[in-house]
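Data block for upload.cif (mmCIF, C-alpha atoms):
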data_start
#
loop_
_atom_site.label_atom_id
_atom_site.label_comp_id
_atom_site.auth_asym_id
_atom_site.auth_seq_id
_atom_site.Cartn_x
_atom_site.Cartn_y
_atom_site.Cartn_z
CA MET A 912 121.14 108.26 135.89
CA ALA A 913 122.00 107.55 132.29
CA ASP A 914 123.57 110.44 130.45
CA PHE A 915 123.69 111.03 126.73
CA GLU A 916 127.06 112.52 126.01
CA GLY A 917 129.53 113.30 123.27
CA ARG A 918 133.28 113.50 123.80
CA SER A 919 135.64 115.54 121.61
CA LEU A 920 133.57 114.90 118.52
CA GLN A 921 134.96 115.73 115.15
CA CYS A 922 132.87 115.76 112.00
CA ARG A 923 134.30 115.73 108.51
CA ARG A 924 132.16 116.17 105.41
CA GLY A 925 133.58 116.06 101.92
CA GLY A 926 137.16 116.25 103.17
CA ARG A 927 136.50 119.40 105.20
CA ASP A 928 136.26 119.60 108.98
CA VAL A 929 132.84 120.93 109.95
CA PHE A 930 133.56 121.04 113.66
CA ALA A 931 136.11 119.55 116.02
CA GLY A 932 136.52 119.12 119.75
CA LEU A 933 132.80 119.19 120.48
CA ASP A 934 131.56 117.97 123.89
CA PHE A 935 128.05 117.76 125.26
CA VAL A 936 126.27 116.10 128.17
CA LEU A 937 122.52 115.75 128.21
CA PRO A 938 120.90 114.38 131.40
CA PRO A 939 117.32 113.03 131.49
CA SER A 940 114.70 115.77 131.04
CA GLY A 941 117.40 117.94 129.52
CA ALA A 942 117.09 120.09 126.44
CA LEU A 943 119.97 121.09 124.22
CA VAL A 944 119.57 123.87 121.69
CA LEU A 945 122.09 123.94 118.84
CA THR A 946 122.77 127.33 117.34
CA GLY A 947 125.10 128.55 114.66
CA PRO A 948 125.03 129.93 111.13
CA ASN A 949 124.14 127.82 108.08
CA GLY A 950 126.76 125.20 107.41
CA SER A 951 128.13 125.19 110.96
CA GLY A 952 127.24 121.50 111.35
CA LYS A 953 123.96 121.51 113.31
CA SER A 954 122.37 118.94 111.02
CA SER A 955 125.56 116.90 110.90
CA LEU A 956 125.71 116.82 114.70
CA LEU A 957 122.09 115.63 114.88
CA ARG A 958 122.85 112.92 112.33
CA LEU A 959 125.89 111.90 114.40
CA MET A 960 123.66 111.70 117.47
CA ALA A 961 121.17 109.55 115.56
CA GLY A 962 123.92 107.21 114.39
CA LEU A 963 123.25 108.03 110.72
CA LEU A 964 126.75 109.47 110.44
CA ARG A 965 129.93 108.33 112.10
CA PRO A 966 132.23 110.86 113.77
CA ALA A 967 135.73 111.26 112.32
CA ALA A 968 137.01 111.32 115.89
CA GLY A 969 135.51 111.13 119.37
CA GLN A 970 132.65 109.11 120.79
CA ILE A 971 128.96 109.40 121.50
CA LEU A 972 127.89 107.55 124.64
CA TRP A 973 124.58 106.50 126.09
CA ASP A 974 124.79 105.46 129.71
CA GLY A 975 128.57 105.20 129.33
CA ARG A 976 128.43 102.87 126.33
CA PRO A 977 129.32 103.98 122.79
CA ILE A 978 126.25 104.03 120.55
CA ALA A 979 128.35 102.61 117.69
CA GLU A 980 128.48 99.30 119.61
CA ALA A 981 124.72 98.78 119.36
CA PRO A 982 123.31 101.04 116.63
CA GLU A 983 119.96 99.24 116.51
CA ALA A 984 119.39 99.58 120.26
CA HIS A 985 120.19 103.27 119.92
CA ALA A 986 117.81 103.73 116.97
CA VAL A 987 114.94 102.35 119.06
CA ARG A 988 115.33 104.96 121.79
CA LEU A 989 115.34 108.00 119.53
CA HIS A 990 113.12 109.95 117.21
CA TYR A 991 114.95 111.79 114.46
CA LEU A 992 113.18 114.54 112.57
CA GLY A 993 115.27 115.72 109.65
CA HIS A 994 114.54 118.18 106.88
CA LEU A 995 112.37 115.61 105.10
CA ASP A 996 108.90 114.82 106.38
CA ALA A 997 108.55 111.19 105.18
CA VAL A 998 104.94 111.80 104.17
CA LYS A 999 103.57 109.65 101.34
CA PRO A 1000 101.45 111.74 98.94
CA VAL A 1001 98.93 108.98 98.21
CA LEU A 1002 98.32 107.96 101.83
CA GLY A 1003 96.00 109.84 104.16
CA VAL A 1004 97.27 111.70 107.23
CA ALA A 1005 96.12 108.98 109.62
CA GLU A 1006 97.45 106.20 107.33
CA ASN A 1007 100.84 107.86 107.12
CA LEU A 1008 101.02 108.22 110.89
CA ARG A 1009 99.67 104.74 111.61
CA PHE A 1010 102.44 103.11 109.55
CA TRP A 1011 105.22 104.88 111.44
CA ALA A 1012 103.58 104.41 114.82
CA ASN A 1013 103.13 100.67 114.19
CA LEU A 1014 106.65 100.27 112.83
CA ARG A 1015 108.17 101.99 115.86
CA GLY A 1016 105.77 101.24 118.64
CA GLY A 1017 105.23 97.55 118.05
CA ALA A 1018 102.08 96.23 119.64
CA GLY A 1019 101.91 99.22 122.00
CA ALA A 1020 100.71 101.58 119.26
CA SER A 1021 96.98 101.87 119.74
CA GLU A 1022 94.31 103.76 117.85
CA ALA A 1023 93.75 105.90 120.94
CA GLY A 1024 97.41 106.87 120.96
CA LEU A 1025 97.14 107.72 117.29
CA CYS A 1026 94.17 110.00 117.90
CA ARG A 1027 96.03 111.68 120.76
CA ALA A 1028 99.05 112.28 118.52
CA LEU A 1029 96.87 113.74 115.76
CA GLY A 1030 95.14 115.93 118.34
CA ALA A 1031 98.43 117.13 119.81
CA PHE A 1032 99.31 118.75 116.48
CA ALA A 1033 95.77 119.80 115.49
CA LEU A 1034 95.53 117.23 112.70
CA THR A 1035 92.33 115.47 113.78
CA GLU A 1036 90.22 117.20 111.15
CA LEU A 1037 92.75 116.40 108.44
CA ALA A 1038 92.93 112.66 109.30
CA ALA A 1039 91.51 111.48 105.96
CA VAL A 1040 93.24 114.06 103.75
CA PRO A 1041 95.89 112.54 101.43
CA GLY A 1042 99.47 113.72 101.91
CA ARG A 1043 99.72 115.38 98.52
CA LEU A 1044 97.03 117.93 99.47
CA LEU A 1045 98.79 119.07 102.65
CA SER A 1046 100.56 122.41 102.89
CA ALA A 1047 104.22 122.50 103.91
CA GLY A 1048 103.28 123.42 107.48
CA GLN A 1049 100.67 120.67 107.70
CA ARG A 1050 103.19 118.12 106.42
CA ARG A 1051 105.61 119.29 109.08
CA ARG A 1052 102.94 118.89 111.76
CA LEU A 1053 102.31 115.34 110.52
CA ALA A 1054 106.04 114.61 110.80
CA LEU A 1055 105.99 116.03 114.33
CA ALA A 1056 102.96 113.91 115.22
CA ARG A 1057 105.24 110.85 114.77
CA LEU A 1058 107.06 111.99 117.91
CA ALA A 1059 103.88 111.86 119.94
CA ALA A 1060 102.54 108.66 118.35
CA ALA A 1061 105.31 106.35 119.56
CA PRO A 1062 107.34 107.00 122.69
CA ALA A 1063 111.13 107.41 122.51
CA GLU A 1064 113.55 108.68 125.11
CA LEU A 1065 115.50 111.03 122.88
CA TRP A 1066 114.14 113.50 120.33
CA LEU A 1067 116.54 114.88 117.74
CA LEU A 1068 114.82 117.73 115.93
CA ASP A 1069 116.35 119.49 112.96
CA GLU A 1070 114.65 122.84 112.39
CA PRO A 1071 111.33 121.48 113.67
CA SER A 1072 109.52 124.81 113.38
CA VAL A 1073 110.19 125.39 109.67
CA GLY A 1074 106.92 126.23 107.95
CA LEU A 1075 104.90 126.18 111.17
CA ASP A 1076 102.51 128.99 112.07
CA HIS A 1077 102.60 130.63 115.48
CA ALA A 1078 99.93 128.38 117.01
CA SER A 1079 101.70 125.25 115.79
CA VAL A 1080 104.99 126.39 117.31
CA GLN A 1081 103.14 126.61 120.62
CA LEU A 1082 101.89 123.04 120.12
CA LEU A 1083 105.45 121.92 119.45
CA ALA A 1084 106.71 123.66 122.59
CA ALA A 1085 103.92 122.00 124.60
CA ALA A 1086 104.79 118.57 123.16
CA ILE A 1087 108.46 119.06 124.05
CA ALA A 1088 107.54 120.18 127.57
CA ALA A 1089 105.35 117.08 128.05
CA HIS A 1090 108.14 114.88 126.70
CA ARG A 1091 110.65 116.39 129.14
CA ALA A 1092 108.23 116.17 132.05
CA GLY A 1093 108.25 112.40 131.46
CA GLY A 1094 112.05 112.27 131.66
CA GLY A 1095 112.66 112.53 127.93
CA ARG A 1096 115.48 114.55 126.40
CA VAL A 1097 115.48 116.69 123.35
CA VAL A 1098 118.11 118.19 121.07
CA VAL A 1099 116.88 120.97 118.80
CA ALA A 1100 118.68 122.78 116.01
CA THR A 1101 116.81 125.97 115.36
CA HIS A 1102 117.09 129.52 114.14
CA THR A 1103 113.77 130.67 115.53
CA ALA A 1104 113.05 131.20 119.20
CA LEU A 1105 111.38 128.11 120.64
CA ASP A 1106 109.87 128.43 124.08
CA LEU A 1107 111.81 125.84 126.09
CA ASP A 1108 112.22 125.69 129.84
CA ASP A 1109 115.85 126.24 130.89
CA PRO A 1110 117.68 124.71 127.89
CA GLN A 1111 121.42 124.23 127.54
CA ARG A 1112 122.80 126.06 124.56
CA LEU A 1113 125.59 124.90 122.30
CA SER A 1114 126.95 127.29 119.73
CA LEU A 1115 128.64 125.45 116.90
CA ASP A 1116 130.12 128.66 115.56
CA ALA A 1117 132.85 128.64 118.19
CA LEU A 1118 133.88 125.09 117.32
CA ALA A 1119 134.56 125.62 113.64
CA PRO A 1120 138.15 124.80 112.75
CA PRO A 1121 140.35 127.68 111.63
CA PRO A 1122 139.92 128.50 107.95
CA LEU A 1123 142.21 126.62 105.62
CA PRO A 1124 145.17 128.49 104.21
CA GLU A 1125 144.57 129.48 100.63
CA MET A 1126 145.00 126.60 98.21
CA VAL A 1127 148.12 126.80 96.10
CA TRP A 1128 147.97 125.02 92.78
CA MET B 882 108.35 90.00 111.66
CA ARG B 883 105.58 92.53 112.35
CA GLY B 884 107.64 95.34 110.89
CA PHE B 885 108.49 93.16 107.89
CA LEU B 886 104.78 92.65 107.13
CA LEU B 887 104.05 96.33 107.78
CA VAL B 888 106.57 97.42 105.14
CA ILE B 889 105.19 94.92 102.61
CA GLY B 890 101.64 96.06 103.37
CA ARG B 891 102.56 99.71 102.97
CA ASP B 892 104.36 99.16 99.66
CA LEU B 893 101.46 97.10 98.28
CA ARG B 894 99.03 99.80 99.33
CA LEU B 895 101.17 102.46 97.68
CA ALA B 896 101.30 100.35 94.51
CA LEU B 897 97.51 99.97 94.52
CA ARG B 898 97.03 103.71 94.90
CA GLN B 899 99.49 104.42 92.09
CA ARG B 900 98.16 101.85 89.66
CA ALA B 901 99.74 103.46 86.60
CA ASP B 902 103.19 102.49 87.90
CA ALA B 903 102.16 98.89 88.47
CA TRP B 904 100.63 98.55 85.00
CA LEU B 905 103.65 100.04 83.30
CA ALA B 906 105.88 96.95 83.56
CA VAL B 907 103.26 94.42 82.53
CA LEU B 908 102.00 96.52 79.61
CA PHE B 909 105.56 97.03 78.43
CA PHE B 910 106.07 93.26 78.66
CA VAL B 911 103.02 92.38 76.57
CA LEU B 912 103.30 95.16 74.00
CA THR B 913 107.02 94.74 73.35
CA ALA B 914 106.80 90.97 73.01
CA ALA B 915 103.77 91.35 70.73
CA LEU B 916 105.90 93.38 68.32
CA PHE B 917 108.10 90.39 67.45
CA PRO B 918 105.56 88.40 65.40
CA PHE B 919 105.13 91.53 63.31
CA GLY B 920 108.85 92.00 63.01
CA ILE B 921 109.93 88.45 62.12
CA GLY B 922 106.78 87.19 60.41
CA PRO B 923 103.95 84.92 61.55
CA GLU B 924 105.62 81.57 60.72
CA PRO B 925 104.52 79.31 63.67
CA ASN B 926 107.64 77.12 63.83
CA LEU B 927 109.98 80.07 63.84
CA LEU B 928 107.94 81.89 66.51
CA ALA B 929 107.81 78.83 68.76
CA ARG B 930 111.57 78.44 68.40
CA VAL B 931 112.44 82.01 69.43
CA ALA B 932 109.61 82.46 71.96
CA PRO B 933 111.50 81.52 75.16
CA GLY B 934 114.37 83.89 74.42
CA ILE B 935 112.10 86.80 73.49
CA ILE B 936 109.77 86.36 76.45
CA TRP B 937 112.68 86.18 78.88
CA VAL B 938 114.56 89.16 77.46
CA VAL B 939 111.41 91.30 77.45
CA ALA B 940 110.52 90.21 81.00
CA LEU B 941 113.99 91.19 82.12
CA LEU B 942 113.66 94.63 80.51
CA ALA B 943 110.22 95.10 82.07
CA VAL B 944 111.64 94.41 85.53
CA LEU B 945 114.49 96.78 84.79
CA LEU B 946 112.00 99.51 83.94
CA SER B 947 110.47 99.33 87.40
CA LEU B 948 113.70 99.15 89.42
CA GLU B 949 114.41 102.85 89.77
CA ARG B 950 111.24 103.37 91.81
CA LEU B 951 112.19 100.65 94.27
CA PHE B 952 114.10 102.82 96.76
CA LEU B 953 114.13 106.25 95.15
CA ALA B 954 110.76 107.53 96.40
CA ASP B 955 111.53 106.47 99.98
CA PHE B 956 115.00 107.97 99.71
CA GLU B 957 113.78 111.32 98.45
CA ASP B 958 110.96 111.84 100.94
CA GLY B 959 112.98 110.77 104.00
CA SER B 960 111.11 107.51 104.61
CA LEU B 961 114.27 105.46 104.15
CA GLU B 962 115.99 107.39 106.95
CA GLN B 963 113.06 106.67 109.25
CA ILE B 964 113.06 102.98 108.31
CA LEU B 965 116.80 102.81 109.03
CA LEU B 966 116.12 104.29 112.49
CA SER B 967 113.22 101.93 113.22
CA PRO B 968 113.46 98.68 115.22
CA LEU B 969 113.17 96.71 111.96
CA PRO B 970 116.67 95.65 110.83
CA LEU B 971 117.48 97.33 107.51
CA GLU B 972 118.29 93.94 105.95
CA LEU B 973 114.74 92.77 106.59
CA ALA B 974 113.33 96.07 105.33
CA VAL B 975 115.23 95.55 102.06
CA LEU B 976 113.84 92.03 101.76
CA ALA B 977 110.32 93.30 102.45
CA LYS B 978 110.60 95.98 99.78
CA VAL B 979 111.98 93.48 97.25
CA LEU B 980 109.15 91.07 98.01
CA ALA B 981 106.59 93.84 97.51
CA HIS B 982 108.35 94.76 94.27
CA TRP B 983 108.11 91.19 93.04
CA LEU B 984 104.43 90.95 93.98
CA THR B 985 103.65 94.11 92.01
CA THR B 986 106.02 93.49 89.06
CA GLY B 987 107.14 89.86 88.73
CA LEU B 988 103.82 88.24 89.53
CA PRO B 989 101.83 90.27 86.95
CA LEU B 990 104.45 89.31 84.35
CA ILE B 991 103.88 85.63 85.13
CA ALA B 992 100.14 86.17 84.88
CA ALA B 993 100.57 87.78 81.45
CA ALA B 994 102.94 85.08 80.13
CA PRO B 995 100.20 82.62 78.94
CA LEU B 996 98.90 85.37 76.65
CA LEU B 997 102.30 85.62 74.99
CA ALA B 998 102.63 81.83 74.85
CA VAL B 999 99.48 81.72 72.70
CA LEU B 1000 100.79 84.52 70.53
CA PHE B 1001 104.03 82.61 69.94
CA HIS B 1002 102.39 79.22 69.31
CA MET B 1003 104.06 77.67 72.33
CA ASP B 1004 102.70 74.24 73.34
CA ALA B 1005 101.28 73.37 76.77
CA ALA B 1006 104.42 71.60 78.03
CA GLY B 1007 106.54 74.58 77.06
CA LEU B 1008 104.15 76.99 78.78
CA GLY B 1009 104.14 74.95 81.99
CA VAL B 1010 107.93 75.02 82.22
CA LEU B 1011 108.03 78.69 81.21
CA LEU B 1012 105.71 79.60 84.08
CA LEU B 1013 107.71 77.49 86.53
CA ALA B 1014 110.98 79.03 85.33
CA MET B 1015 109.51 82.54 85.64
CA LEU B 1016 108.27 81.75 89.13
CA LEU B 1017 111.86 80.88 90.11
CA GLY B 1018 113.55 83.48 87.92
CA THR B 1019 111.60 86.72 88.36
CA PRO B 1020 112.23 86.94 92.15
CA THR B 1021 115.93 86.67 91.29
CA LEU B 1022 115.53 89.57 88.84
CA SER B 1023 113.96 91.68 91.63
CA LEU B 1024 116.66 90.67 94.11
CA VAL B 1025 119.61 91.35 91.80
CA GLY B 1026 118.01 94.58 90.62
CA ALA B 1027 117.47 95.79 94.19
CA VAL B 1028 121.22 95.75 94.81
CA GLY B 1029 121.72 97.84 91.67
CA ALA B 1030 118.94 100.23 92.67
CA ALA B 1031 120.41 100.64 96.17
CA LEU B 1032 123.94 101.21 94.85
CA THR B 1033 122.88 103.98 92.47
CA LEU B 1034 120.71 105.86 95.01
CA GLY B 1035 123.06 108.67 95.84
CA ALA B 1036 124.34 109.07 92.28
CA ARG B 1037 123.09 111.71 89.90
CA ARG B 1038 121.07 110.17 87.06
CA GLY B 1039 121.16 106.90 88.97
CA GLY B 1040 118.28 105.56 86.89
CA VAL B 1041 120.52 105.46 83.84
CA LEU B 1042 123.23 103.61 85.74
CA ILE B 1043 120.97 100.80 86.90
CA PRO B 1044 120.77 98.97 83.52
CA LEU B 1045 124.54 99.16 83.07
CA LEU B 1046 125.05 97.67 86.51
CA VAL B 1047 122.27 95.12 86.50
CA LEU B 1048 121.95 93.77 82.95
CA PRO B 1049 125.24 91.81 82.99
CA LEU B 1050 124.16 90.24 86.29
CA TYR B 1051 120.89 89.14 84.71
CA VAL B 1052 122.71 86.85 82.26
CA PRO B 1053 122.70 83.68 84.43
CA ALA B 1054 118.95 83.93 85.09
CA LEU B 1055 118.40 84.50 81.37
CA ILE B 1056 120.50 81.48 80.34
CA PHE B 1057 118.89 79.03 82.74
CA GLY B 1058 115.39 80.44 82.24
CA VAL B 1059 115.59 80.11 78.45
CA GLY B 1060 117.43 76.78 78.80
CA ALA B 1061 114.62 75.28 80.86
CA THR B 1062 111.90 76.37 78.43
CA ASP B 1063 113.93 75.30 75.37
CA ALA B 1064 114.58 71.90 76.92
CA ALA B 1065 110.84 71.39 77.46
CA LEU B 1066 110.07 72.41 73.86
CA PHE B 1067 112.60 69.87 72.56
CA GLY B 1068 111.40 67.14 74.91
CA LEU B 1069 114.53 67.20 77.08
CA ALA B 1070 114.75 67.42 80.87
CA ALA B 1071 114.10 70.94 82.16
CA ARG B 1072 114.88 69.99 85.74
CA PRO B 1073 118.63 70.80 85.82
CA HIS B 1074 117.96 74.30 84.50
CA LEU B 1075 115.18 74.86 87.03
CA LEU B 1076 117.40 73.64 89.85
CA LEU B 1077 120.10 76.11 88.83
CA LEU B 1078 117.51 78.91 88.72
CA GLY B 1079 116.42 77.89 92.21
CA ALA B 1080 120.01 77.88 93.40
CA GLU B 1081 120.55 81.41 92.11
CA LEU B 1082 117.37 82.53 93.86
CA LEU B 1083 118.59 81.07 97.16
CA VAL B 1084 121.99 82.73 96.85
CA MET B 1085 120.43 86.12 96.06
CA LEU B 1086 117.98 85.77 98.97
CA VAL B 1087 121.04 85.85 101.23
CA VAL B 1088 123.19 88.32 99.28
CA THR B 1089 120.61 91.00 98.49
CA PRO B 1090 119.52 91.90 102.05
CA LEU B 1091 123.15 92.23 103.16
CA ALA B 1092 124.48 94.04 100.08
CA GLY B 1093 121.34 96.16 99.68
CA ALA B 1094 121.34 97.29 103.32
CA ALA B 1095 125.05 98.15 103.15
CA ALA B 1096 124.46 100.22 100.00
CA LEU B 1097 121.48 102.02 101.56
CA ARG B 1098 123.50 102.87 104.69
CA GLN B 1099 126.16 104.32 102.43
CA ALA B 1100 123.60 106.36 100.51
CA LEU B 1101 122.10 107.77 103.73
CA GLU B 1102 125.40 108.96 105.26
#

What would you get if you wrote out this structure as structure tokens?
Amino acid sequence: MADFEGRSLQCRRGGRDVFAGLDFVLPPSGALVLTGPNGSGKSSLLRLMAGLLRPAAGQILWDGRPIAEAPEAHAVRLHYLGHLDAVKPVLGVAENLRFWANLRGGAGASEAGLCRALGAFALTELAAVPGRLLSAGQRRRLALARLAAAPAELWLLDEPSVGLDHASVQLLAAAIAAHRAGGGRVVVATHTALDLDDPQRLSLDALAPPPLPEMVW
Amino acid sequence: MRGFLLVIGRDLRLALRQRADAWLAVLFFVLTAALFPFGIGPEPNLLARVAPGIIWVVALLAVLLSLERLFLADFEDGSLEQILLSPLPLELAVLAKVLAHWLTTGLPLIAAAPLLAVLFHMDAAGLGVLLLAMLLGTPTLSLVGAVGAALTLGARRGGVLIPLLVLPLYVPALIFGVGATDAALFGLAARPHLLLLGAELLVMLVVTPLAGAAALRQALE
């Protein structure tokens, strides 16, 4: 089966090594939880996995092939949820979601699928509400509904539970479980406990390079 | 192609919902140009002589005014990231956004141009060529401007940088656009100028998607 793996990854931001020598292997139905303090490179690693950033060293492979060889093919098989929700204030909840579902899903994105995705994150009653009236947690749920609206093999979630209430975190856990049951994989960077079944854990704290010697001017 | 139309449709819908933004450029165009007869006096021959230059310069500034919005909103709310990770090639997404920008900025300017032609005592032949030149020239303004807007995305106070970057590049469109209209007013052939405007449009249709997408990728790293 196809593995999603990273080999001796090094990430450099602003001239400083964030992490080095990072390896991971994620089989189908696998879940990988990234932990570590602020600034340890969780978001950078997710952006590397999405192909938005390029590693300073090392390789990320899908099914044995580097993702850098075919970035567009890689983009199609993943959902990336960053810190930003990509919600347009003047468009309604359903309009916002329909655009992303159509853009990603092609002809396969149906109205029924859209309703299911809205339902999965308890947004059905908010369908006509414009984005600017949503609370932070509701906007986050709308961003999460994108995951359910168009299928993708790999979910890369950066702090998905920020701003979510307890019930919504349960909905997120259920969506991830359903995704994995269908053979999908998920990588989550999180500080809060998320109820996942048997996840791998990767602590980025241990991979930080040694602190630089004091600068001498 | 589907994704291309989806992006255009979304941007047009956003522009319709935020009508103030769409009106801004065209109102600026009309009001600023209307100041000139007050400033230089109502002498018809003089106005007709300077009309092409004034209308073109003001049109160019009106387009400039609207450029900052082109990518910034999508950049700030994370939409650009999602578009980059969608099946739609980023080059086509750039072209779609520029086309939507032209439809909401350039086209209204062309629609408002006859009003200014009357104000400046321009004759019918001159107006016809002016409209044709604007039809060829304003898409070029959107295309050139898009590269500037994309390049300044990550920068602080990028909106201030755009004019510095883009205005010098607007000079060819300005020269040929004014040249075509002037030629028509003096009874000379406008065709060579229009052909050159068309040539610039074709070149920018190729350059902008490539350069714009490269700049956006850089901004999103």

Calculate how many Å separate atom CA of Thr1033 of chain B from atom CA of Phe956 of chain B, rounding to one decimal.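 Distance between the two atoms: 11.4 Å.
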
Could you list, with a cut-off of 12 Å and counting all atoms listed in the file, the residues of chain B near chain A, each shown with its nearest atom pair and the distance in Å rounded to one decimal, rows sorted by chain and ascending number, as JSON lines?
{"residue": "B:Met882", "atom": "CA", "partner": "A:Gly1017", "partner_atom": "CA", "distance": 10.4}
{"residue": "B:Arg883", "atom": "CA", "partner": "A:Gly1017", "partner_atom": "CA", "distance": 7.6}
{"residue": "B:Gly884", "atom": "CA", "partner": "A:Leu1014", "partner_atom": "CA", "distance": 5.4}
{"residue": "B:Phe885", "atom": "CA", "partner": "A:Leu1014", "partner_atom": "CA", "distance": 8.9}
{"residue": "B:Leu886", "atom": "CA", "partner": "A:Leu1014", "partner_atom": "CA", "distance": 9.7}
{"residue": "B:Leu887", "atom": "CA", "partner": "A:Leu1014", "partner_atom": "CA", "distance": 6.9}
{"residue": "B:Val888", "atom": "CA", "partner": "A:Leu1014", "partner_atom": "CA", "distance": 8.2}
{"residue": "B:Ile889", "atom": "CA", "partner": "A:Phe1010", "partner_atom": "CA", "distance": 11.1}
{"residue": "B:Gly890", "atom": "CA", "partner": "A:Phe1010", "partner_atom": "CA", "distance": 9.4}
{"residue": "B:Arg891", "atom": "CA", "partner": "A:Phe1010", "partner_atom": "CA", "distance": 7.4}
{"residue": "B:Asp892", "atom": "CA", "partner": "A:Lys999", "partner_atom": "CA", "distance": 10.7}
{"residue": "B:Leu893", "atom": "CA", "partner": "A:Leu1002", "partner_atom": "CA", "distance": 11.8}
{"residue": "B:Arg894", "atom": "CA", "partner": "A:Leu1002", "partner_atom": "CA", "distance": 8.6}
{"residue": "B:Leu895", "atom": "CA", "partner": "A:Val1001", "partner_atom": "CA", "distance": 6.9}
{"residue": "B:Ala896", "atom": "CA", "partner": "A:Val1001", "partner_atom": "CA", "distance": 9.7}
{"residue": "B:Leu897", "atom": "CA", "partner": "A:Val1001", "partner_atom": "CA", "distance": 9.8}
{"residue": "B:Arg898", "atom": "CA", "partner": "A:Val1001", "partner_atom": "CA", "distance": 6.5}
{"residue": "B:Gln899", "atom": "CA", "partner": "A:Val1001", "partner_atom": "CA", "distance": 7.7}
{"residue": "B:Arg900", "atom": "CA", "partner": "A:Val1001", "partner_atom": "CA", "distance": 11.2}
{"residue": "B:Ala954", "atom": "CA", "partner": "A:Lys999", "partner_atom": "CA", "distance": 9.0}
{"residue": "B:Asp955", "atom": "CA", "partner": "A:Ala997", "partner_atom": "CA", "distance": 7.6}
{"residue": "B:Phe956", "atom": "CA", "partner": "A:Ala997", "partner_atom": "CA", "distance": 9.0}
{"residue": "B:Glu957", "atom": "CA", "partner": "A:Leu995", "partner_atom": "CA", "distance": 8.0}
{"residue": "B:Asp958", "atom": "CA", "partner": "A:Ala997", "partner_atom": "CA", "distance": 4.9}
{"residue": "B:Gly959", "atom": "CA", "partner": "A:Ala997", "partner_atom": "CA", "distance": 4.6}
{"residue": "B:Ser960", "atom": "CA", "partner": "A:Ala997", "partner_atom": "CA", "distance": 4.5}
{"residue": "B:Leu961", "atom": "CA", "partner": "A:Ala997", "partner_atom": "CA", "distance": 8.2}
{"residue": "B:Glu962", "atom": "CA", "partner": "A:Leu963", "partner_atom": "CA", "distance": 8.2}
{"residue": "B:Gln963", "atom": "CA", "partner": "A:Tyr991", "partner_atom": "CA", "distance": 7.5}
{"residue": "B:Ile964", "atom": "CA", "partner": "A:Leu1014", "partner_atom": "CA", "distance": 8.3}
{"residue": "B:Leu965", "atom": "CA", "partner": "A:Ala986", "partner_atom": "CA", "distance": 8.1}
{"residue": "B:Leu966", "atom": "CA", "partner": "A:Ala986", "partner_atom": "CA", "distance": 4.8}
{"residue": "B:Ser967", "atom": "CA", "partner": "A:Arg1015", "partner_atom": "CA", "distance": 5.7}
{"residue": "B:Pro968", "atom": "CA", "partner": "A:Val987", "partner_atom": "CA", "distance": 5.5}
{"residue": "B:Leu969", "atom": "CA", "partner": "A:Leu1014", "partner_atom": "CA", "distance": 7.5}
{"residue": "B:Pro970", "atom": "CA", "partner": "A:Glu983", "partner_atom": "CA", "distance": 7.5}
{"residue": "B:Leu971", "atom": "CA", "partner": "A:Glu983", "partner_atom": "CA", "distance": 9.5}
{"residue": "B:Glu972", "atom": "CA", "partner": "A:Glu983", "partner_atom": "CA", "distance": 11.9}
{"residue": "B:Ala974", "atom": "CA", "partner": "A:Leu1014", "partner_atom": "CA", "distance": 10.9}
{"residue": "B:Leu1097", "atom": "CA", "partner": "A:Leu963", "partner_atom": "CA", "distance": 11.1}
{"residue": "B:Arg1098", "atom": "CA", "partner": "A:Leu963", "partner_atom": "CA", "distance": 7.9}
{"residue": "B:Gln1099", "atom": "CA", "partner": "A:Leu963", "partner_atom": "CA", "distance": 9.5}
{"residue": "B:Ala1100", "atom": "CA", "partner": "A:Leu963", "partner_atom": "CA", "distance": 10.4}
{"residue": "B:Leu1101", "atom": "CA", "partner": "A:Leu963", "partner_atom": "CA", "distance": 7.1}
{"residue": "B:Glu1102", "atom": "CA", "partner": "A:Leu964", "partner_atom": "CA", "distance": 5.4}

Selection near segment 1072-1074 of chain A, 12 Å with all atoms listed in the file, sequence-local residues under 2 positions removed, as a VMD selection string: chain A and resid 992 to 996 1046 to 1052 1054 to 1055 1068 to 1070 1076 to 1084 1099 to 1106

Could you pull the residues within 7 Å of Leu1037 of chain A, counting only C-alpha atoms, minus those fewer than 3 positions along the same chain, as a list in words? Val1004, Leu1034 and Val1040 of chain A

List the neighbours of segment 986-988 of chain B out to 9 Å using all atoms listed in the file; skip same-chain residues closer than 2 positions along the sequence, and give me the result as a compact mmCIF listing (two decimals) with C-alpha atoms, keeping the file's coordinate frame.
# COMPACT_ATOMS: atom_id res chain seq x y z
CA ALA B 903 102.16 98.89 88.47
CA TRP B 904 100.63 98.55 85.00
CA ALA B 906 105.88 96.95 83.56
CA VAL B 907 103.26 94.42 82.53
CA ALA B 940 110.52 90.21 81.00
CA ALA B 943 110.22 95.10 82.07
CA VAL B 944 111.64 94.41 85.53
CA SER B 947 110.47 99.33 87.40
CA ALA B 981 106.59 93.84 97.51
CA HIS B 982 108.35 94.76 94.27
CA TRP B 983 108.11 91.19 93.04
CA LEU B 984 104.43 90.95 93.98
CA LEU B 990 104.45 89.31 84.35
CA ILE B 991 103.88 85.63 85.13
CA ALA B 992 100.14 86.17 84.88
CA ALA B 993 100.57 87.78 81.45
CA MET B 1015 109.51 82.54 85.64
CA LEU B 1016 108.27 81.75 89.13
CA THR B 1019 111.60 86.72 88.36
CA PRO B 1020 112.23 86.94 92.15
CA LEU B 1022 115.53 89.57 88.84
CA SER B 1023 113.96 91.68 91.63
